[in-house]
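Novice: I am sharing model_36.txt, which consists of compact mmCIF, C-alpha atoms:
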```
# COMPACT_ATOMS: atom_id res chain seq x y z
CA MET A 1 -16.33 49.85 38.35
CA PRO A 2 -14.20 48.58 41.33
CA VAL A 3 -15.45 51.49 43.46
CA LEU A 4 -19.06 50.65 42.59
CA CYS A 5 -18.48 46.96 43.44
CA ASP A 6 -17.12 47.95 46.87
CA ARG A 7 -20.12 50.18 47.39
CA LEU A 8 -22.59 47.45 46.37
CA LEU A 9 -20.96 45.07 48.88
CA LYS A 10 -21.11 47.70 51.64
CA VAL A 11 -24.80 48.39 50.90
CA LYS A 12 -25.53 44.65 50.75
CA GLU A 13 -24.00 44.15 54.20
CA MET A 14 -25.92 47.09 55.66
CA PHE A 15 -29.14 45.79 54.06
CA GLN A 16 -28.66 42.36 55.65
CA SER A 17 -27.93 43.94 59.01
CA LYS A 18 -31.03 46.16 58.72
CA PHE A 19 -33.63 43.76 57.30
CA GLY A 20 -32.17 40.32 58.15
CA SER A 21 -32.32 39.26 54.51
CA LEU A 22 -30.51 39.94 51.23
CA PRO A 23 -31.47 42.35 48.44
CA LYS A 24 -32.65 40.84 45.13
CA PHE A 25 -31.50 43.74 42.97
CA TYR A 26 -29.96 47.23 43.01
CA VAL A 27 -30.81 50.37 41.04
CA ARG A 28 -28.64 53.45 40.49
CA ALA A 29 -29.64 56.82 39.04
CA PRO A 30 -27.12 59.65 38.58
CA GLY A 31 -27.19 63.30 39.53
CA ARG A 32 -26.42 65.88 36.87
CA VAL A 33 -24.74 69.16 36.20
CA ASN A 34 -26.48 71.54 33.84
CA ILE A 35 -23.75 73.08 31.69
CA ILE A 36 -26.03 75.77 30.24
CA GLY A 37 -29.77 76.42 29.99
CA GLU A 38 -30.97 77.43 33.45
CA HIS A 39 -34.64 77.77 34.37
CA ILE A 40 -35.83 77.26 30.79
CA ASP A 41 -36.92 73.60 30.67
CA TYR A 42 -40.26 74.46 32.30
CA CYS A 43 -40.69 77.19 29.69
CA GLY A 44 -40.44 74.56 26.93
CA TYR A 45 -36.82 75.19 25.87
CA SER A 46 -33.88 72.84 25.32
CA VAL A 47 -31.18 72.43 27.97
CA LEU A 48 -27.65 71.02 27.94
CA PRO A 49 -26.80 68.87 30.97
CA MET A 50 -24.57 65.87 31.57
CA ALA A 51 -24.87 63.14 34.17
CA ILE A 52 -22.22 63.11 36.88
CA GLU A 53 -20.64 60.04 38.44
CA GLN A 54 -22.29 60.67 41.82
CA ASP A 55 -25.61 58.88 42.14
CA MET A 56 -28.41 57.39 44.21
CA LEU A 57 -28.09 53.64 44.77
CA ILE A 58 -30.96 51.57 46.18
CA ALA A 59 -30.82 47.93 47.33
CA VAL A 60 -34.22 46.26 47.03
CA GLU A 61 -36.05 43.17 48.25
CA PRO A 62 -39.68 42.75 47.13
CA VAL A 63 -41.80 41.29 49.96
CA LYS A 64 -45.19 39.58 50.14
CA THR A 65 -46.65 42.07 52.62
CA HIS A 66 -48.01 45.42 51.45
CA THR A 67 -45.53 47.42 53.53
CA LEU A 68 -42.97 49.74 52.00
CA GLN A 69 -39.95 49.94 54.33
CA LEU A 70 -37.37 52.61 53.53
CA ALA A 71 -34.01 53.05 55.21
CA ASN A 72 -30.97 55.19 54.42
CA THR A 73 -27.26 54.52 54.93
CA ASN A 74 -26.95 58.12 56.18
CA PRO A 75 -28.08 58.18 59.84
CA LEU A 76 -29.35 61.76 59.39
CA TYR A 77 -32.19 60.36 57.25
CA LEU A 78 -34.61 58.44 59.44
CA ASP A 79 -36.31 55.13 58.59
CA PHE A 80 -39.82 55.30 57.19
CA SER A 81 -42.52 52.73 56.53
CA THR A 82 -46.00 52.98 55.03
CA SER A 83 -48.64 50.92 53.25
CA ALA A 84 -47.76 50.51 49.57
CA ASN A 85 -51.42 51.03 48.74
CA ASN A 86 -51.91 54.27 50.65
CA ILE A 87 -49.14 56.63 49.61
CA GLN A 88 -49.39 60.05 51.27
CA ILE A 89 -46.84 62.70 50.26
CA ASP A 90 -46.47 65.58 52.71
CA ARG A 91 -45.78 68.79 50.77
CA ALA A 92 -45.38 70.78 53.99
CA LYS A 93 -42.20 68.90 54.98
CA PRO A 94 -40.12 67.74 52.00
CA GLN A 95 -38.32 64.91 53.83
CA TRP A 96 -36.08 62.45 51.99
CA HIS A 97 -38.55 59.56 51.86
CA ASN A 98 -41.17 61.73 50.12
CA TYR A 99 -38.99 61.82 47.00
CA PHE A 100 -38.93 58.01 46.96
CA LEU A 101 -42.71 58.00 47.35
CA CYS A 102 -43.04 60.35 44.34
CA GLY A 103 -41.30 57.83 42.06
CA PHE A 104 -43.20 54.90 43.55
CA LYS A 105 -46.58 56.62 43.20
CA GLY A 106 -45.78 57.75 39.63
CA ILE A 107 -45.35 54.14 38.44
CA GLN A 108 -48.31 52.94 40.52
CA GLU A 109 -50.63 55.54 38.96
CA HIS A 110 -49.25 55.14 35.44
CA PHE A 111 -50.31 51.48 35.43
CA GLY A 112 -53.46 52.12 37.51
CA LEU A 113 -52.40 49.57 40.12
CA ARG A 114 -54.57 49.10 43.21
CA ASP A 115 -52.83 46.19 44.88
CA VAL A 116 -49.07 46.73 45.04
CA PRO A 117 -46.73 44.42 46.95
CA GLY A 118 -44.32 45.94 49.45
CA MET A 119 -40.54 46.28 49.39
CA ASN A 120 -37.60 46.66 51.72
CA CYS A 121 -35.28 49.36 50.36
CA LEU A 122 -31.96 50.74 51.53
CA VAL A 123 -30.90 54.02 49.91
CA ASP A 124 -27.26 55.11 49.58
CA GLY A 125 -26.61 58.50 47.99
CA ASN A 126 -23.32 60.32 47.34
CA ILE A 127 -24.72 63.42 45.57
CA PRO A 128 -24.34 66.43 47.91
CA PRO A 129 -27.91 67.34 49.02
CA SER A 130 -29.48 70.73 48.18
CA SER A 131 -26.47 71.54 45.99
CA GLY A 132 -28.13 71.99 42.60
CA LEU A 133 -26.80 68.62 41.35
CA SER A 134 -30.25 67.03 41.37
CA SER A 135 -30.04 64.65 44.31
CA SER A 136 -33.83 64.85 44.80
CA SER A 137 -34.68 64.02 41.18
CA ALA A 138 -32.10 61.21 41.15
CA LEU A 139 -33.94 59.68 44.12
CA VAL A 140 -37.33 60.06 42.37
CA CYS A 141 -35.91 58.40 39.22
CA CYS A 142 -34.23 55.65 41.19
CA ALA A 143 -37.48 54.92 43.05
CA GLY A 144 -39.44 54.85 39.78
CA LEU A 145 -37.06 52.30 38.26
CA VAL A 146 -37.03 50.30 41.53
CA THR A 147 -40.83 50.08 41.47
CA LEU A 148 -40.97 49.17 37.78
CA THR A 149 -38.36 46.41 38.27
CA ALA A 150 -40.05 45.03 41.40
CA LEU A 151 -43.35 44.80 39.50
CA GLY A 152 -41.66 43.04 36.57
CA MET A 153 -42.93 45.67 34.13
CA GLN A 154 -41.20 47.53 31.32
CA LEU A 155 -41.15 51.09 30.00
CA SER A 156 -38.81 52.98 27.67
CA LYS A 157 -36.30 55.41 29.17
CA VAL A 158 -38.28 58.30 27.69
CA GLU A 159 -41.53 57.06 29.28
CA LEU A 160 -39.78 56.62 32.64
CA ALA A 161 -38.31 60.13 32.45
CA GLU A 162 -41.71 61.65 31.65
CA ILE A 163 -43.45 59.75 34.47
CA CYS A 164 -40.79 60.74 37.01
CA ALA A 165 -40.83 64.40 35.90
CA LYS A 166 -44.59 64.47 36.39
CA SER A 167 -44.54 62.58 39.68
CA GLU A 168 -41.93 64.83 41.32
CA ARG A 169 -44.61 67.53 41.23
CA TYR A 170 -46.41 65.59 44.00
CA ILE A 171 -43.95 67.26 46.36
CA GLY A 172 -44.95 70.71 45.10
CA THR A 173 -42.02 71.59 42.79
CA GLU A 174 -43.14 72.65 39.32
CA GLY A 175 -40.00 71.55 37.45
CA GLY A 176 -39.66 71.08 33.72
CA GLY A 177 -38.20 67.61 33.25
CA MET A 178 -34.49 68.18 32.58
CA ASP A 179 -33.25 66.40 35.71
CA GLN A 180 -35.28 63.23 35.20
CA SER A 181 -34.51 63.14 31.46
CA ILE A 182 -30.73 63.25 31.84
CA SER A 183 -30.83 60.74 34.73
CA PHE A 184 -32.35 58.15 32.37
CA LEU A 185 -31.04 59.24 28.95
CA ALA A 186 -27.41 60.02 29.87
CA GLU A 187 -24.56 58.14 28.18
CA GLU A 188 -20.97 57.97 29.29
CA GLY A 189 -18.62 60.35 27.50
CA THR A 190 -21.18 62.79 26.11
CA ALA A 191 -23.32 65.67 27.29
CA LYS A 192 -26.89 65.82 25.93
CA LEU A 193 -29.08 68.44 24.35
CA ILE A 194 -32.45 67.62 25.91
CA GLU A 195 -35.47 68.82 23.94
CA PHE A 196 -39.09 68.62 25.06
CA SER A 197 -42.48 67.97 23.41
CA PRO A 198 -41.61 65.32 22.36
CA LEU A 199 -38.80 64.45 24.76
CA ARG A 200 -35.56 63.57 22.96
CA ALA A 201 -31.82 63.67 23.64
CA THR A 202 -28.98 64.43 21.21
CA ASP A 203 -25.28 63.82 21.91
CA VAL A 204 -23.14 66.93 22.40
CA LYS A 205 -19.41 66.28 22.12
CA LEU A 206 -17.64 68.52 24.60
CA PRO A 207 -14.29 70.06 23.60
CA SER A 208 -11.28 67.83 24.16
CA GLY A 209 -8.62 69.19 26.47
CA ALA A 210 -11.14 70.97 28.68
CA VAL A 211 -12.91 69.78 31.83
CA PHE A 212 -15.91 70.96 33.81
CA VAL A 213 -15.29 71.62 37.49
CA ILE A 214 -18.09 71.64 40.04
CA ALA A 215 -17.66 73.81 43.15
CA ASN A 216 -20.16 73.86 46.00
CA SER A 217 -20.92 77.29 47.50
CA CYS A 218 -21.84 75.49 50.77
CA VAL A 219 -25.15 77.37 50.79
CA GLU A 220 -27.96 74.81 50.71
CA MET A 221 -31.18 75.43 48.78
CA ASN A 222 -34.14 73.05 48.87
CA LYS A 223 -36.51 73.79 45.98
CA ALA A 224 -39.50 72.13 47.61
CA ALA A 225 -38.99 73.92 50.94
CA THR A 226 -38.95 77.46 49.52
CA SER A 227 -41.22 79.39 47.17
CA HIS A 228 -38.46 81.08 45.06
CA PHE A 229 -38.57 78.38 42.41
CA ASN A 230 -42.34 78.22 41.98
CA ILE A 231 -42.58 82.04 41.91
CA ARG A 232 -40.22 82.03 38.89
CA VAL A 233 -42.33 79.34 37.18
CA THR A 234 -45.41 81.50 37.74
CA GLU A 235 -43.69 84.68 36.52
CA CYS A 236 -42.76 82.91 33.27
CA ARG A 237 -46.34 81.67 32.86
CA LEU A 238 -47.70 85.19 33.42
CA ALA A 239 -45.14 86.69 31.01
CA ALA A 240 -46.22 84.16 28.36
CA LYS A 241 -49.87 85.11 28.81
CA LEU A 242 -49.25 88.86 28.66
CA LEU A 243 -47.02 88.56 25.58
CA ALA A 244 -49.62 86.32 23.90
CA LYS A 245 -52.36 88.85 24.66
CA TYR A 246 -50.15 91.68 23.35
CA LYS A 247 -49.65 89.77 20.06
CA ASN A 248 -53.33 88.71 19.78
CA LEU A 249 -52.69 85.01 20.38
CA GLN A 250 -55.06 82.82 22.43
CA TRP A 251 -53.43 83.78 25.73
CA ASP A 252 -55.74 81.65 27.89
CA LYS A 253 -54.55 78.47 26.13
CA LEU A 254 -50.82 79.26 26.49
CA LEU A 255 -48.68 78.33 29.50
CA ARG A 256 -45.08 78.56 28.27
CA LEU A 257 -42.87 81.21 26.74
CA GLU A 258 -41.84 78.75 24.01
CA GLU A 259 -45.50 78.46 22.95
CA VAL A 260 -45.61 82.22 22.34
CA GLN A 261 -42.56 81.99 20.07
CA ALA A 262 -44.06 79.00 18.23
CA GLY A 263 -47.38 80.83 17.85
CA LEU A 264 -45.65 83.85 16.32
CA GLY A 265 -43.20 81.80 14.24
CA VAL A 266 -40.28 84.13 14.95
CA SER A 267 -36.67 83.69 16.16
CA LEU A 268 -35.47 83.90 19.77
CA GLU A 269 -33.74 87.18 18.93
CA GLU A 270 -37.08 88.56 17.68
CA MET A 271 -38.78 87.35 20.88
CA LEU A 272 -36.38 89.57 22.87
CA LEU A 273 -37.65 92.55 20.84
CA VAL A 274 -41.28 91.45 21.37
CA THR A 275 -40.56 91.28 25.12
CA GLU A 276 -39.11 94.80 25.13
CA ALA A 277 -42.15 96.13 23.29
CA GLY A 278 -44.83 94.14 25.11
CA LEU A 279 -43.69 94.19 28.75
CA HIS A 280 -42.33 96.92 31.03
CA PRO A 281 -39.32 96.50 33.37
CA GLU A 282 -41.25 97.70 36.43
CA PRO A 283 -42.80 94.88 38.51
CA TYR A 284 -46.46 94.03 37.86
CA SER A 285 -49.02 93.90 40.65
CA PRO A 286 -51.71 91.17 40.50
CA GLU A 287 -54.24 93.96 39.81
CA GLU A 288 -52.28 95.22 36.79
CA ILE A 289 -52.00 91.67 35.42
CA CYS A 290 -55.77 91.28 35.77
CA GLY A 291 -56.26 94.57 33.92
CA CYS A 292 -53.98 93.46 31.07
CA LEU A 293 -55.75 90.10 30.69
CA GLY A 294 -59.28 91.34 31.39
CA ILE A 295 -59.88 88.88 34.25
CA SER A 296 -60.83 89.19 37.91
CA LEU A 297 -58.41 88.77 40.83
CA GLU A 298 -60.30 85.61 41.78
CA GLN A 299 -59.81 84.16 38.27
CA LEU A 300 -56.09 84.97 38.43
CA ARG A 301 -55.73 83.28 41.80
CA SER A 302 -57.76 80.17 41.03
CA GLN A 303 -56.88 79.59 37.36
CA ILE A 304 -53.29 80.81 36.87
CA LEU A 305 -51.41 81.18 40.17
CA SER A 306 -50.15 78.09 42.02
CA PRO A 307 -51.17 77.71 45.71
CA ASN A 308 -47.85 79.01 47.07
CA THR A 309 -47.75 82.08 44.77
CA ARG A 310 -51.25 83.46 45.49
CA ASP A 311 -49.96 85.96 48.06
CA VAL A 312 -46.97 87.26 46.07
CA PRO A 313 -47.31 91.09 45.95
CA VAL A 314 -45.42 91.76 42.67
CA PHE A 315 -44.17 89.81 39.66
CA LYS A 316 -41.17 90.67 37.46
CA LEU A 317 -42.27 89.54 34.02
CA TYR A 318 -40.00 91.54 31.68
CA GLN A 319 -36.79 90.36 33.38
CA ARG A 320 -37.84 86.70 33.51
CA ALA A 321 -38.85 86.59 29.82
CA LYS A 322 -35.62 88.35 28.79
CA HIS A 323 -33.59 85.72 30.65
CA VAL A 324 -35.51 82.78 29.19
CA TYR A 325 -35.31 83.87 25.55
CA SER A 326 -31.63 84.87 25.77
CA GLU A 327 -30.68 81.69 27.67
CA ALA A 328 -32.52 79.50 25.14
CA ALA A 329 -30.45 81.17 22.39
CA ARG A 330 -27.22 80.56 24.36
CA VAL A 331 -27.97 76.83 24.59
CA LEU A 332 -28.28 76.56 20.81
CA GLN A 333 -25.10 78.63 20.31
CA PHE A 334 -23.28 76.34 22.78
CA GLN A 335 -24.39 73.21 20.90
CA LYS A 336 -23.35 74.75 17.55
CA LEU A 337 -19.88 75.62 18.86
CA CYS A 338 -19.41 72.07 20.18
CA GLU A 339 -20.40 70.72 16.75
CA GLU A 340 -18.20 73.07 14.73
CA ALA A 341 -15.28 72.93 17.20
CA PRO A 342 -13.38 76.09 16.12
CA ALA A 343 -9.83 76.57 17.46
CA ASN A 344 -11.08 79.05 20.09
CA ALA A 345 -14.12 76.94 21.10
CA VAL A 346 -13.21 76.80 24.81
CA GLN A 347 -12.94 80.58 25.03
CA LEU A 348 -16.27 81.10 23.19
CA LEU A 349 -18.10 78.45 25.25
CA GLY A 350 -16.73 80.11 28.40
CA GLU A 351 -18.10 83.47 27.28
CA LEU A 352 -21.57 81.92 26.85
CA MET A 353 -21.36 80.46 30.38
CA ASN A 354 -20.36 83.88 31.76
CA GLN A 355 -23.29 85.55 29.96
CA SER A 356 -25.59 82.87 31.40
CA HIS A 357 -24.47 83.61 34.97
CA GLN A 358 -24.90 87.34 34.46
CA SER A 359 -28.46 86.78 33.22
CA CYS A 360 -29.25 84.37 36.10
CA ARG A 361 -27.89 86.95 38.57
CA ASP A 362 -29.39 90.14 37.15
CA MET A 363 -32.51 89.15 35.18
CA TYR A 364 -33.64 85.95 36.89
CA GLU A 365 -32.28 86.88 40.34
CA CYS A 366 -31.54 83.28 41.28
CA SER A 367 -27.96 83.74 42.44
CA CYS A 368 -26.69 84.70 45.91
CA PRO A 369 -23.58 86.54 47.20
CA GLU A 370 -21.68 83.29 47.85
CA LEU A 371 -22.34 81.96 44.32
CA ASP A 372 -21.24 85.28 42.80
CA GLN A 373 -18.07 85.22 44.91
CA LEU A 374 -17.35 81.62 43.90
CA VAL A 375 -17.89 82.40 40.19
CA ASP A 376 -15.52 85.39 40.45
CA THR A 377 -12.93 83.23 42.25
CA CYS A 378 -13.09 80.53 39.58
CA ARG A 379 -12.67 83.07 36.78
CA LYS A 380 -9.81 84.77 38.62
CA PHE A 381 -7.88 81.48 38.75
CA GLY A 382 -8.25 80.60 35.09
CA ALA A 383 -11.76 79.33 34.35
CA HIS A 384 -12.75 80.32 30.80
CA GLY A 385 -16.36 80.39 31.96
CA SER A 386 -18.12 79.95 35.28
CA ARG A 387 -21.79 80.05 36.25
CA LEU A 388 -24.26 78.87 38.83
CA THR A 389 -25.82 75.52 37.95
CA GLY A 390 -29.14 74.09 39.09
CA ALA A 391 -31.95 76.21 40.49
CA GLY A 392 -29.55 78.61 42.22
CA TRP A 393 -30.01 80.60 45.47
CA GLY A 394 -27.15 78.43 46.69
CA GLY A 395 -25.73 75.11 45.54
CA CYS A 396 -22.96 74.77 42.98
CA THR A 397 -21.12 76.50 40.19
CA VAL A 398 -19.79 74.83 37.04
CA SER A 399 -16.57 76.12 35.45
CA LEU A 400 -14.84 75.36 32.16
CA VAL A 401 -11.10 74.81 32.70
CA HIS A 402 -8.22 73.64 30.48
CA ALA A 403 -7.25 70.11 31.53
CA ASP A 404 -3.56 70.95 31.89
CA GLU A 405 -4.41 73.83 34.26
CA LEU A 406 -6.68 71.69 36.45
CA PRO A 407 -4.39 70.86 39.42
CA GLY A 408 -3.40 74.51 39.93
CA PHE A 409 -6.99 75.68 39.49
CA LEU A 410 -8.31 73.25 42.12
CA ALA A 411 -5.58 74.22 44.61
CA ASP A 412 -6.12 77.96 44.11
CA VAL A 413 -9.94 77.82 44.40
CA HIS A 414 -9.65 75.52 47.42
CA GLU A 415 -7.43 77.99 49.21
CA ALA A 416 -9.27 81.17 48.17
CA TYR A 417 -12.89 80.10 48.67
CA TYR A 418 -12.81 77.26 51.21
CA GLN A 419 -9.71 77.65 53.39
CA ARG A 420 -9.68 81.42 53.83
CA SER A 421 -13.36 81.61 54.70
CA GLY A 422 -13.36 78.55 56.97
CA ARG A 423 -16.11 76.97 54.86
CA SER A 424 -16.53 73.26 55.43
CA PHE A 425 -14.40 71.30 53.00
CA SER A 426 -13.78 67.57 53.03
CA PRO A 427 -13.28 64.97 50.31
CA GLU A 428 -16.43 63.18 51.48
CA GLN A 429 -18.53 66.29 50.88
CA GLN A 430 -17.05 66.63 47.42
CA SER A 431 -17.16 70.40 47.52
CA LEU A 432 -14.77 70.84 44.58
CA PHE A 433 -14.15 68.29 41.83
CA ALA A 434 -13.67 67.84 38.10
CA THR A 435 -16.30 65.73 36.40
CA LYS A 436 -16.83 63.98 33.10
CA PRO A 437 -20.10 62.86 31.49
CA GLY A 438 -21.41 59.70 33.19
CA GLY A 439 -23.95 57.06 32.21
CA GLY A 440 -27.67 56.90 32.99
CA ALA A 441 -29.85 54.85 35.34
CA LEU A 442 -29.17 51.09 35.60
CA VAL A 443 -30.49 47.95 37.31
CA PHE A 444 -28.05 45.40 38.81
CA LEU A 445 -29.42 41.94 39.60
CA GLU A 446 -28.03 39.97 42.55
CA ALA A 447 -26.06 37.07 41.05
```
Could the structure of this file be written out as structure tokens, please?
Specialist:
Amino acid sequence: MPVLCDRLLKVKEMFQSKFGSLPKFYVRAPGRVNIIGEHIDYCGYSVLPMAIEQDMLIAVEPVKTHTLQLANTNPLYLDFSTSANNIQIDRAKPQWHNYFLCGFKGIQEHFGLRDVPGMNCLVDGNIPPSSGLSSSSALVCCAGLVTLTALGMQLSKVELAEICAKSERYIGTEGGGMDQSISFLAEEGTAKLIEFSPLRATDVKLPSGAVFVIANSCVEMNKAATSHFNIRVTECRLAAKLLAKYKNLQWDKLLRLEEVQAGLGVSLEEMLLVTEAGLHPEPYSPEEICGCLGISLEQLRSQILSPNTRDVPVFKLYQRAKHVYSEAARVLQFQKLCEEAPANAVQLLGELMNQSHQSCRDMYECSCPELDQLVDTCRKFGAHGSRLTGAGWGGCTVSLVHADELPGFLADVHEAYYQRSGRSFSPEQQSLFATKPGGGALVFLEA
């Protein structure tokens, strides 16, 4: 806590310098690392993240005007002000303040509020941006809790997580809810199995004597600024519809691959066989999809495709479904191994992480050369398992390492990946660090 106290004092001083007054309260919301279960939350499947110690911290002063004034301790992020009762979120340019506005608007709309007082807010974040550690969602969650606290209203953590997951879609990212859920539901010392519909979190005790190391590839990837992410969401939706049609389910009512499994009442292993029988590995054109579903191109575009996927020439449905069903099975195997804690648990958990990366790379195609190189480097220097974490196409890897091998591992990876290549590396950027499960979002009142 001493580090946090120093940070609160620093932010308080900067707030006073900026606004000429003192904050009334502070809110923090953590980033997260997803240990296993990539790109499956929006398909309805459980994931296994933990909160990290890095977070978003916001100092807040409610004001009597209706102006929302946002500032950031990082000079790269420019000040922004707007009317609290006329929130406009620009999808074309996903700038930092738009993520705050998502959380603010989510609470405003949940309560149906027309007349919202303004606030002065100073944001201080130490989660590396566009790194796959959920800095954007942490800001959305932080802003949601800021708004709730300023209004003097109350919601459960689950309600807050669901509102923030929904409201982040204002910026155009069709995520599934993992990031917001762990930001609110995290507890110190434990990872969480996050399940959806209904949203719930179960403790997962990680093996003692092992640590998770995060390494940044130094390739940035902004989900809202690119279409990769939403194309994958759409491919999974299309795969679900084609598999449902193949198995004579009500395909027009289904959106998620998990709903197909539930409708058939079969295991994940059986769903892999259904996928092999019902879909072909060659990419599907929009015309072929229309033929399979018996709909027109116009119906496909207006009813199923999202605005930024309407001009995609081909969709890989077989590969995406194979990844989702196999990854969902790996999450459950990972949880079971943590529960049963066999003597060789670390080795077996590492193998599941390695299989996950291979599937992300080959079937989901969400890796990149730098991530693959970093994963190989981590394994070479003793990681039992290593995989990309977060959306991919850049960002970070997470590796499972024996605690007593940690100092040597960090030194070797630092030299091999960062020093030799001349990639930027500084303690402030936190490109390479061991992490342990942190706590969830909190409000601090000014004494």
Novice: In Å, with one decimal, what is the gap from atom CA of A:Phe184 to atom CA of A:Cys141?
Specialist: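 Atom CA of A:Phe184 sits 7.7 Å away from atom CA of A:Cys141.
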Novice: Considering all atoms listed in the file, return as an NGL selection string whatever protein or nucleic-acid residues lie within 10 Å of A:Gly125, sequence-local ones (same chain, fewer than 3 positions apart) excluded.
Specialist: :A and (28-31 or 54-58 or 72-74 or 128-129 or 135 or 138-139)
Novice: I'd like to know which of A:Tyr318, A:Trp96, A:Phe196, A:Tyr325 is closest to A:Ala239, using all atoms listed in the file.
Specialist: A:Tyr318
Novice: Which is closest to A:Pro207 among A:Leu4, A:Leu48, A:Leu185, A:Ala343, if we use only C-alpha atoms?
Specialist: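 Result for the nearest residue to A:Pro207: A:Ala343.
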Novice: Using Å and a single decimal, report how far atom CA of A:Leu145 sits from atom CA of A:Val443.
Specialist: 7.9 Å
Novice: Fewer than 2 positions away in the same chain doesn't count, so skip those; otherwise give me all residues within 10 Å of stretch 293-307 of chain A, counting only C-alpha atoms, as a list of chain:residue names.
Specialist: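 Contacts, in chain order: A:Gly172, A:Glu174, A:Asn230, A:Ile231, A:Val233, A:Thr234, A:Glu235, A:Arg237, A:Leu238, A:Lys241, A:Leu242, A:Ala244, A:Lys245, A:Tyr246, A:Trp251, A:Asp252, A:Leu255, A:Pro286, A:Glu287, A:Glu288, A:Ile289, A:Cys290, A:Gly291, A:Thr309, A:Arg310, A:Asp311, A:Val312.
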Novice: Atom CA of A:Leu160 to atom CA of A:Gly177: how many Å, to one decimal?
Specialist: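 Those two atoms sit 11.1 Å apart.
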Novice: Excluding same-chain residues fewer than 2 positions from A:Ser137, what lies within 10 Å of it counting all atoms listed in the file, as an MDAnalysis selection string?
Specialist: chainID A and resid 29:32 56 99:100 102:103 133:135 139:143 164:165 168 175 177:181 183
Novice: Would you kindly identify which residues have an atom no farther than 10 Å from (-30.8, 85.7, 36.7), using only C-alpha atoms and the file's own coordinates, and write them out as a list in words?
Specialist: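 With a cut-off of 10 Å, the residues come to Glu38, His39, Gln319, Arg320, Lys322, His323, Val324, Glu327, Ser356, His357, Gln358, Ser359, Cys360, Arg361, Asp362, Met363, Tyr364, Glu365, Cys366, Ser367, Leu388 and Gly392 of chain A.
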Novice: Find, counting all atoms listed in the file, the residue in A:Phe444, A:Ile87, A:Asp124, A:Glu109 that gets nearest to A:Lys10.
Specialist: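 Selected residue with least distance to A:Lys10: A:Asp124.
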Novice: Can you find the residues with an atom no farther than 7 Å from (-23.6, 57.6, 28.7), counting all atoms listed in the file, and report them as a list of chain:residue names?
Specialist: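 Final list of nearby residues, as requested, is A:Ala186, A:Glu187, A:Glu188, A:Gly189, A:Thr190, A:Pro437, A:Gly438, A:Gly439, A:Gly440.
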Novice: I'd like the neighbourhood of A:Ser267 as a list in words, where a residue qualifies if any of its atoms comes within 12 Å (using only C-alpha atoms), though same-chain residues fewer than 3 positions away should be ignored.
Specialist: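 Those residues are Glu258, Val260, Gln261, Ala262, Gly263, Leu264, Glu270, Met271, Leu272, Leu273, Val274, Tyr325, Ser326, Ala328, Ala329 and Leu332 of chain A.
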Novice: Counting all atoms listed in the file, which residues of stretch 3-27 of chain A sit at most 10 Å from some atom of stretch 64-71 of chain A, and what is each one's closest atom pair with its distance in Å to one decimal, listed by chain and rising residue number, as JSON lines?
Specialist:
```
{"residue": "A:Phe15", "atom": "CA", "partner": "A:Ala71", "partner_atom": "CA", "distance": 8.8}
{"residue": "A:Lys18", "atom": "CA", "partner": "A:Ala71", "partner_atom": "CA", "distance": 8.3}
{"residue": "A:Phe19", "atom": "CA", "partner": "A:Gln69", "partner_atom": "CA", "distance": 9.3}
```
Novice: For A:Asn216, which residue among A:Leu374, A:Cys338, A:Val331, A:Ala383 is the nearest when counting all atoms listed in the file?
Specialist: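 Using all atoms listed in the file, A:Asn216 sits closest to A:Leu374.
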Novice: Taking all listed atoms of stretch 105-119 of chain A, build the axis-aligned box, pad each of the six sides by 3 Å, then write its centre and edge lengths in Å to one decimal as JSON.
Specialist:
```
{"center_x": -47.6, "center_y": 51.1, "center_z": 42.4, "size_x": 20.0, "size_y": 19.3, "size_z": 20.0}
```
Novice: Given the choices A:Leu148, A:Ile40, A:Val60, A:Ala345, which gets closest to A:Leu22 if the distance is worked out from only C-alpha atoms?
Specialist: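 Looking only at the distances to A:Leu22, the closest residue turns out to be A:Val60.
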